[in-house]
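Undergrad: Provided herewith: run-v6.cif, mmCIF, C-alpha atoms and all ligand atoms.
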```
data_model
loop_
_atom_site.label_atom_id
_atom_site.label_comp_id
_atom_site.auth_asym_id
_atom_site.auth_seq_id
_atom_site.Cartn_x
_atom_site.Cartn_y
_atom_site.Cartn_z
CA MET A 1 -10.43 4.70 -20.05
CA ALA A 2 -11.70 6.90 -22.85
CA GLN A 3 -13.30 10.09 -21.67
CA GLU A 4 -14.78 13.25 -23.11
CA VAL A 5 -15.85 16.46 -21.47
CA ILE A 6 -18.29 18.96 -22.93
CA GLN A 7 -19.80 22.21 -21.71
CA LEU A 8 -23.55 22.67 -22.11
CA SER A 9 -26.01 25.48 -21.47
CA THR A 10 -28.70 25.08 -18.82
CA SER A 11 -31.34 24.23 -21.41
CA GLU A 12 -29.05 21.72 -23.09
CA VAL A 13 -28.36 20.11 -19.73
CA ASP A 14 -32.11 19.81 -19.15
CA LYS A 15 -32.49 18.12 -22.53
CA LEU A 16 -29.64 15.73 -21.78
CA ILE A 17 -31.07 14.78 -18.38
CA GLN A 18 -34.44 14.18 -19.99
CA TYR A 19 -32.79 12.04 -22.65
CA TYR A 20 -30.95 9.77 -20.22
CA LYS A 21 -33.53 9.64 -17.44
CA GLN A 22 -34.18 5.93 -17.99
CA GLN A 23 -30.52 5.20 -17.32
CA LYS A 24 -30.26 7.47 -14.29
CA ILE A 25 -28.15 6.22 -11.40
CA ASP A 26 -27.61 7.70 -7.94
CA ARG A 27 -24.26 9.31 -7.51
CA HIS A 28 -23.73 11.51 -4.53
CA ALA A 29 -20.56 13.40 -5.22
CA PRO A 30 -19.77 17.07 -4.80
CA GLY A 31 -21.05 19.20 -7.69
CA VAL A 32 -22.80 16.32 -9.44
CA VAL A 33 -26.39 17.06 -10.46
CA PHE A 34 -27.13 13.97 -12.53
CA ALA A 35 -25.49 10.69 -13.47
CA ALA A 36 -26.45 7.94 -15.89
CA LYS A 37 -25.01 4.58 -16.81
CA LEU A 38 -25.23 3.12 -20.31
CA PRO A 39 -23.72 -0.22 -21.32
CA ALA A 40 -20.48 1.32 -22.54
CA VAL A 41 -20.44 4.80 -21.10
CA ALA A 42 -20.99 6.54 -17.79
CA ILE A 43 -22.30 10.11 -17.88
CA THR A 44 -21.81 12.65 -15.11
CA VAL A 45 -23.37 16.12 -15.21
CA TYR A 46 -21.83 18.82 -13.02
CA LYS A 47 -23.50 21.93 -11.64
CA SER A 48 -21.23 24.01 -13.85
CA GLY A 49 -22.83 22.54 -16.98
CA LYS A 50 -19.81 20.40 -17.69
CA VAL A 51 -20.65 16.87 -18.71
CA LEU A 52 -18.22 13.99 -18.41
CA PHE A 53 -18.53 10.86 -20.56
CA GLN A 54 -16.39 7.87 -19.54
CA GLY A 55 -16.06 4.50 -21.20
CA ASN A 56 -15.65 2.92 -24.60
CA ASP A 57 -18.51 4.87 -26.14
CA ALA A 58 -17.55 8.17 -24.55
CA GLN A 59 -16.81 9.88 -27.82
CA ILE A 60 -19.87 8.59 -29.66
CA GLU A 61 -22.19 9.57 -26.83
CA ALA A 62 -20.57 12.96 -26.29
CA SER A 63 -20.81 13.80 -29.97
CA ARG A 64 -24.60 13.56 -29.67
CA TRP A 65 -24.42 16.74 -27.62
CA GLY A 66 -22.00 18.81 -29.64
CA ALA A 67 -18.32 18.90 -30.41
CA THR A 68 -16.02 17.82 -27.64
CA THR A 69 -14.02 20.69 -26.28
CA SER A 70 -10.30 21.06 -25.99
CA LYS A 71 -7.93 21.13 -23.07
CA ASP A 72 -9.17 24.36 -21.54
CA ILE A 73 -12.05 22.64 -19.76
CA SER A 74 -10.36 19.36 -19.05
CA SER A 75 -10.28 20.59 -15.46
CA ALA A 76 -13.93 19.56 -15.28
CA ALA A 77 -12.90 15.94 -15.23
CA PRO A 78 -12.30 14.47 -11.80
CA SER A 79 -8.66 14.64 -10.84
CA PRO A 80 -6.74 11.56 -11.93
CA LEU A 81 -7.18 8.51 -9.76
CA LYS A 82 -5.24 8.89 -6.51
CA THR A 83 -3.67 5.60 -5.56
CA LYS A 84 -1.13 4.39 -3.08
CA GLY A 85 1.45 1.79 -3.91
CA ASP A 86 3.74 1.04 -6.81
CA THR A 87 4.09 3.24 -9.85
CA LEU A 88 2.83 1.14 -12.71
CA PRO A 89 4.78 0.71 -15.94
CA PRO A 90 3.59 2.61 -18.99
CA ASN A 91 0.78 0.95 -20.92
CA PHE A 92 0.17 -1.29 -17.92
CA GLU A 93 -3.53 -1.65 -18.63
CA ASN A 94 -2.73 -3.53 -21.85
CA CYS A 95 -0.26 -5.97 -20.31
CA SER A 96 -0.91 -9.63 -19.45
CA VAL A 97 -1.61 -9.57 -15.75
CA ILE A 98 -2.78 -11.75 -12.88
CA GLY A 99 -4.90 -9.61 -10.60
CA SER A 100 -6.07 -10.47 -7.10
CA ASP A 101 -8.61 -9.03 -4.71
CA GLU A 102 -10.60 -10.04 -1.64
CA THR A 103 -13.95 -9.34 -0.04
CA GLY A 104 -15.95 -10.13 3.08
CA THR A 105 -13.37 -8.83 5.55
CA GLY A 106 -15.69 -6.12 6.86
CA ASP A 107 -18.78 -8.30 6.97
CA TYR A 108 -19.79 -9.91 10.25
CA PHE A 109 -21.61 -12.73 8.52
CA GLY A 110 -20.11 -14.86 5.81
CA PRO A 111 -16.65 -15.82 4.66
CA VAL A 112 -13.57 -13.98 3.51
CA THR A 113 -13.11 -14.69 -0.18
CA VAL A 114 -10.09 -14.07 -2.38
CA ALA A 115 -9.87 -14.45 -6.14
CA ALA A 116 -7.04 -14.23 -8.64
CA VAL A 117 -7.58 -14.02 -12.39
CA TYR A 118 -5.14 -14.14 -15.29
CA VAL A 119 -6.03 -11.86 -18.16
CA SER A 120 -3.68 -12.11 -21.12
CA SER A 121 -3.44 -9.02 -23.28
CA GLU A 122 -5.50 -10.67 -26.05
CA LYS A 123 -8.38 -11.20 -23.63
CA ILE A 124 -8.60 -7.61 -22.42
CA GLN A 125 -10.95 -6.42 -25.16
CA LEU A 126 -13.27 -9.39 -24.64
CA LEU A 127 -13.51 -8.70 -20.92
CA LYS A 128 -14.25 -5.04 -21.58
CA GLU A 129 -17.08 -6.10 -23.87
CA LEU A 130 -18.45 -8.32 -21.11
CA GLY A 131 -18.89 -5.15 -19.05
CA ILE A 132 -16.25 -5.98 -16.47
CA LYS A 133 -15.32 -3.11 -14.23
CA ASP A 134 -14.77 -2.34 -10.59
CA SER A 135 -17.18 -4.51 -8.59
CA LYS A 136 -18.19 -1.46 -6.56
CA MET A 137 -19.71 -0.02 -9.75
CA LEU A 138 -21.80 -3.12 -10.53
CA THR A 139 -24.96 -4.48 -8.97
CA ASP A 140 -24.92 -7.93 -7.39
CA GLU A 141 -27.23 -9.22 -10.14
CA LYS A 142 -24.95 -7.97 -12.89
CA MET A 143 -21.92 -9.53 -11.18
CA LEU A 144 -23.62 -12.91 -10.93
CA LEU A 145 -24.20 -12.80 -14.67
CA ILE A 146 -20.67 -11.86 -15.67
CA ALA A 147 -18.87 -14.10 -13.18
CA ASP A 148 -19.57 -17.18 -15.29
CA ASN A 149 -18.21 -15.42 -18.36
CA ILE A 150 -15.01 -14.53 -16.54
CA LYS A 151 -14.62 -18.10 -15.31
CA ALA A 152 -15.10 -19.45 -18.83
CA ALA A 153 -12.67 -16.99 -20.39
CA CYS A 154 -9.83 -16.76 -17.88
CA PRO A 155 -7.69 -19.03 -15.69
CA HIS A 156 -8.64 -18.19 -12.13
CA SER A 157 -8.64 -19.31 -8.51
CA ILE A 158 -11.30 -18.58 -5.92
CA LEU A 159 -10.69 -19.23 -2.23
CA VAL A 160 -13.44 -19.20 0.37
CA LEU A 161 -12.40 -19.04 4.01
CA ARG A 162 -15.44 -20.08 6.03
CA ASN A 163 -15.88 -18.76 9.53
CA GLU A 164 -15.08 -21.94 11.44
CA LYS A 165 -11.60 -21.78 9.99
CA TYR A 166 -11.46 -17.99 10.15
CA ASN A 167 -12.34 -17.97 13.85
CA ALA A 168 -9.84 -20.72 14.60
CA VAL A 169 -6.92 -18.86 13.03
CA GLN A 170 -8.09 -15.52 14.39
CA GLN A 171 -8.04 -16.99 17.89
CA LYS A 172 -4.55 -18.26 17.19
CA GLY A 173 -3.60 -14.60 16.84
CA TRP A 174 -3.63 -14.15 13.08
CA SER A 175 -4.58 -10.65 11.97
CA GLN A 176 -6.89 -10.04 9.06
CA GLY A 177 -3.84 -8.77 7.20
CA LYS A 178 -2.09 -12.11 7.64
CA ILE A 179 -5.19 -14.05 6.67
CA LYS A 180 -5.59 -11.99 3.52
CA ALA A 181 -1.91 -12.19 2.60
CA LEU A 182 -1.90 -16.00 2.90
CA LEU A 183 -5.01 -16.30 0.77
CA HIS A 184 -3.73 -13.93 -1.92
CA ASN A 185 -0.42 -15.81 -2.11
CA LYS A 186 -2.25 -19.12 -2.40
CA ALA A 187 -4.66 -17.90 -5.08
CA LEU A 188 -1.79 -16.43 -7.09
CA LEU A 189 0.13 -19.73 -6.85
CA HIS A 190 -2.90 -21.63 -8.11
CA VAL A 191 -3.22 -19.40 -11.15
CA LEU A 192 0.52 -19.43 -11.87
CA ASN A 193 0.40 -23.24 -11.82
CA LYS A 194 -2.63 -23.30 -14.09
CA ILE A 195 -1.05 -21.12 -16.76
CA SER A 196 2.48 -22.54 -16.50
CA PRO A 197 4.74 -22.46 -18.52
CA THR A 198 3.23 -19.11 -19.46
CA VAL A 199 4.16 -16.38 -17.01
CA PRO A 200 2.30 -13.11 -16.68
CA GLU A 201 4.08 -9.84 -17.41
CA TYR A 202 2.94 -8.63 -14.00
CA ILE A 203 0.92 -9.57 -10.96
CA LEU A 204 -1.16 -6.81 -9.41
CA ILE A 205 -2.50 -7.15 -5.89
CA ASP A 206 -5.18 -4.78 -4.73
CA GLN A 207 -3.17 -3.31 -1.90
CA PHE A 208 -4.36 -3.92 1.65
CA ALA A 209 -0.88 -3.81 3.18
CA GLU A 210 2.46 -2.36 2.20
CA ARG A 211 4.78 -4.75 0.39
CA ASP A 212 7.05 -5.35 3.42
CA VAL A 213 4.14 -6.11 5.69
CA TYR A 214 2.58 -8.40 3.09
CA TYR A 215 5.76 -10.44 2.73
CA ARG A 216 6.32 -10.57 6.47
CA HIS A 217 2.88 -12.13 6.84
CA ILE A 218 3.73 -14.94 4.43
CA GLN A 219 7.42 -15.38 5.26
CA ASN A 220 6.94 -18.94 6.56
CA GLU A 221 5.09 -20.20 3.48
CA LYS A 222 6.75 -22.88 1.40
CA GLU A 223 6.15 -21.04 -1.84
CA ILE A 224 6.03 -17.29 -2.03
CA VAL A 225 5.03 -15.39 -5.16
CA ARG A 226 7.51 -12.55 -5.66
CA ASP A 227 8.30 -12.11 -9.34
CA ASN A 228 6.85 -9.02 -11.00
CA VAL A 229 4.43 -8.43 -8.15
CA LEU A 230 3.00 -4.92 -7.93
CA PHE A 231 0.78 -3.45 -5.25
CA SER A 232 -1.66 -0.62 -5.60
CA THR A 233 -4.80 0.62 -3.96
CA LYS A 234 -7.85 0.98 -6.23
CA ALA A 235 -6.25 -1.67 -8.43
CA GLU A 236 -9.64 -2.69 -9.86
CA GLN A 237 -9.44 0.52 -11.83
CA LEU A 238 -5.87 -0.01 -12.98
CA HIS A 239 -6.15 -3.39 -14.67
CA ILE A 240 -9.16 -5.39 -15.74
CA ALA A 241 -7.64 -8.55 -14.19
CA VAL A 242 -8.15 -7.07 -10.73
CA ALA A 243 -11.65 -5.90 -11.66
CA ALA A 244 -12.42 -9.48 -12.76
CA ALA A 245 -10.92 -10.84 -9.54
CA SER A 246 -13.00 -8.44 -7.46
CA ILE A 247 -16.13 -9.72 -9.21
CA LEU A 248 -15.28 -13.40 -8.66
CA ALA A 249 -14.46 -12.75 -5.00
CA ARG A 250 -17.69 -10.84 -4.52
CA VAL A 251 -19.83 -13.45 -6.25
CA ALA A 252 -18.28 -16.24 -4.19
CA PHE A 253 -19.11 -14.22 -1.09
CA LEU A 254 -22.70 -13.60 -2.20
CA LYS A 255 -23.24 -17.27 -3.03
CA GLU A 256 -21.96 -18.33 0.37
CA MET A 257 -24.22 -15.76 2.05
CA ASP A 258 -27.19 -17.22 0.15
CA LYS A 259 -26.19 -20.73 1.12
CA ILE A 260 -25.99 -19.82 4.81
CA SER A 261 -29.33 -17.97 4.65
CA ASN A 262 -30.96 -21.05 3.15
CA GLU A 263 -29.41 -23.39 5.67
CA ILE A 264 -30.61 -21.46 8.71
CA ASN A 265 -33.73 -20.14 7.03
CA ILE A 266 -32.92 -16.58 8.04
CA GLU A 267 -31.78 -13.95 5.55
CA ILE A 268 -28.36 -12.80 6.79
CA PRO A 269 -27.32 -9.23 6.00
CA LYS A 270 -24.02 -7.91 4.65
CA GLY A 271 -21.88 -5.45 6.53
CA ALA A 272 -21.60 -4.93 10.27
CA SER A 273 -24.42 -2.48 11.01
CA LYS A 274 -27.17 -2.36 13.64
CA LYS A 275 -29.35 -4.52 11.46
CA VAL A 276 -26.61 -7.15 11.61
CA ASP A 277 -26.71 -7.03 15.44
CA GLU A 278 -30.44 -7.57 15.42
CA ILE A 279 -30.36 -10.55 13.07
CA ALA A 280 -27.47 -12.01 15.06
CA ALA A 281 -29.48 -11.61 18.29
CA ASN A 282 -32.36 -13.35 16.60
CA ILE A 283 -30.12 -16.25 15.60
CA LEU A 284 -28.76 -16.45 19.15
CA LEU A 285 -32.29 -16.79 20.50
CA THR A 286 -33.58 -19.25 17.92
CA LYS A 287 -30.49 -21.31 17.01
CA GLY A 288 -28.02 -20.71 19.80
CA GLU A 289 -24.47 -19.47 20.12
CA LYS A 290 -22.82 -22.43 18.46
CA VAL A 291 -24.66 -21.87 15.21
CA LEU A 292 -24.03 -18.13 15.24
CA LYS A 293 -20.33 -18.69 15.79
CA THR A 294 -19.99 -20.93 12.74
CA ILE A 295 -21.37 -18.25 10.42
CA THR A 296 -19.80 -15.06 11.79
CA LYS A 297 -16.47 -13.40 12.43
CA TRP A 298 -16.79 -13.96 16.13
CA HIS A 299 -14.25 -11.34 17.28
CA PHE A 300 -16.24 -8.47 15.73
CA ALA A 301 -17.93 -6.10 18.19
CA ASN A 302 -21.27 -7.29 16.76
CA THR A 303 -21.04 -10.45 18.88
CA GLU A 304 -21.22 -8.58 22.19
CA LYS A 305 -23.92 -6.26 20.88
CA ALA A 306 -25.98 -9.21 19.70
CA LYS A 307 -25.58 -10.97 23.05
CA LYS A 308 -26.83 -7.85 24.87
CA LEU A 309 -29.77 -7.48 22.50
CA ALA A 310 -30.65 -11.14 22.88
CA SER A 311 -30.64 -11.07 26.69
CA ALA A 312 -32.71 -7.86 26.67
CA LYS A 313 -35.25 -9.57 24.42
CA LYS A 314 -35.30 -12.65 26.61
CA ASN A 315 -35.94 -10.57 29.72
CA ALA A 316 -38.74 -8.67 27.98
CA ARG A 317 -40.66 -11.86 27.31
MN MN A 401 -9.66 -4.85 -2.52
#
```
Can I see the file as structure tokens?
TA:
Amino acid sequence: MAQEVIQLSTSEVDKLIQYYKQQKIDRHAPGVVFAAKLPAVAITVYKSGKVLFQGNDAQIEASRWGATTSKDISSAAPSPLKTKGDTLPPNFENCSVIGSDETGTGDYFGPVTVAAVYVSSEKIQLLKELGIKDSKMLTDEKMLLIADNIKAACPHSILVLRNEKYNAVQQKGWSQGKIKALLHNKALLHVLNKISPTVPEYILIDQFAERDVYYRHIQNEKEIVRDNVLFSTKAEQLHIAVAAASILARVAFLKEMDKISNEINIEIPKGASKKVDEIAANILLTKGEKVLKTITKWHFANTEKAKKLASAKKNAR
């Protein structure tokens, strides 16, 4: 990703903050005093007066505020991305890649979803222009908008594991790691079949397990994707195919959450927090255990907490 760093005086920093205040975003990171997000550049202002511009328009936007400086202050930029997993080949970000990612595994309500997306090298620029980046950096609304564009532009597979199935296999003793590995393998197979006879230069899986563990989980599958498979954490930031996959997985999750909320007429929350316990208790009292079980990951600690809350509420009546 293109980036520029400049050093500004206090008064220049004030001017810059004033200038971008409409695009201000919250970023709570050490030393950061202000952050803003424009369509093609992210701006981070540090206490030291150093300003970091990241994205396609980094240079253009930075030049508004004076010449970009040379190496001596490059230390202002955050240290390079720390990832675990495979070392990627040079120029990896411009290769033709199938990326895969999942979501929903930490959420009590709603499914686990996995998506895989093939992005050929010619499509990379287009996807960048669509504003595709790490799903954690995008709002839900923005993701809903770009998901359709990704689907139209790229061969993909989206798998939704609803909780009835999830709970059944979980009770059979499958770990979340195994569930995820099976879904990733399946989604990758779908995409490989769709693009055949084309083969991607690489496949990049957003790493949730070490390679050996991953392949142990899927060792009994009929077809196992092995060729040119790479694993890395933070993979959404290493190739746009994984960023696109993270968006499709997230959007599938959000849509399913909406669908469930509509069906039971209660807005179900993401995550696994206290609020989740309370809503779950409410569902227990109004709809019963059977309904709650079909829409949650039943083995989560939230189930017991919700049951306690529900019986306390019942007794208080
Ligand atoms: Mn991931």
Undergrad: Hey, what's within 10 Å of A:Lys274 if we count only C-alpha atoms and toss same-chain stuff fewer than 3 positions away? As a ChimeraX atom specification, please?
TA: /A:271,277-280,302,305-306
Undergrad: Give the answer as one residue: which of A:Val112, A:Asn228, A:Leu144, A:Pro200 has the shortest atom-to-atom distance to ligand MN 401 (chain A), using all atoms listed in the file?
TA: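 Nearest to ligand MN 401 (chain A): A:Val112.
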Undergrad: Between A:Gly131, A:Pro111, A:Pro155, A:Gly106, which is the closest to A:Asn167 once you count only C-alpha atoms?
TA: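 The answer is A:Pro111, which sits nearest to A:Asn167.
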Undergrad: Using all atoms listed in the file, can you tell me which of A:Val160, A:Leu204, A:Leu285, A:Ile224 comes closest to A:Lys313?
TA: A:Leu285
Undergrad: Atom CA of A:Ser246 and atom CA of A:Thr103 are how many Å apart?
TA: 7.5 Å
Undergrad: Could you tell me, counting all atoms listed in the file, which protein and nucleic acid residues lie no more than 8 Å from ligand MN 401 (chain A), written as a list in words?
TA: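 Answer in the requested format: Asp101, Glu102, Thr103, Asp206, Gln207, Phe208, Thr233, Lys234, Ala235, Glu236 and Ser246 of chain A.
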Undergrad: Neighbouring residues of A:Gln22 were defined as those with any atom within 10 Å, considering all atoms listed in the file; residues of the same chain fewer than 3 positions away were excluded. Please report them as a list in words.
TA: Ile17, Gln18, Tyr19, Ile25, Ala36, Lys37 and Leu38 of chain A
Undergrad: Counting all atoms listed in the file, what is within 12 Å of A:Thr105, bar same-chain residues fewer than 2 positions away, as a ChimeraX atom specification?
TA: /A:101-103,107-114,160-163,166,175-180,208,249-250,253,270-272,296-297,300
Undergrad: Any idea what the distance is between atom CA of A:Cys154 and atom CA of A:Val119?
TA: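 It comes out at 6.2 Å.
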Undergrad: Counting all atoms listed in the file, which residue out of A:Lys314, A:His239, A:Lys222, A:Lys186 sits closest to A:Ile124?
TA: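 Counting all atoms listed in the file, the residue closest to A:Ile124 is A:His239.
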Undergrad: For a cutoff of 12 Å around the file-coordinate point (-29.3, 24.2, -16.8), which residues qualify once you count only C-alpha atoms? I'd like the result as a list of chain:residue names.
TA: A:Gln7, A:Leu8, A:Ser9, A:Thr10, A:Ser11, A:Glu12, A:Val13, A:Asp14, A:Lys15, A:Leu16, A:Ile17, A:Gln18, A:Val33, A:Phe34, A:Val45, A:Tyr46, A:Lys47, A:Ser48, A:Gly49, A:Lys50, A:Val51
Undergrad: Given 6 Å of margin on each side, can you work out the centre and size in Å (one decimal) of an axis-aligned box holding every listed atom of stretch 123-128 of chain A, as JSON?
TA:
```
{"center_x": -11.3, "center_y": -8.1, "center_z": -23.0, "size_x": 17.9, "size_y": 18.2, "size_z": 16.2}
```
Undergrad: What is the atom CA of A:His299 to atom CA of A:Lys165 distance in Å?
TA: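 Separation between atom CA of A:His299 and atom CA of A:Lys165: 13.0 Å.
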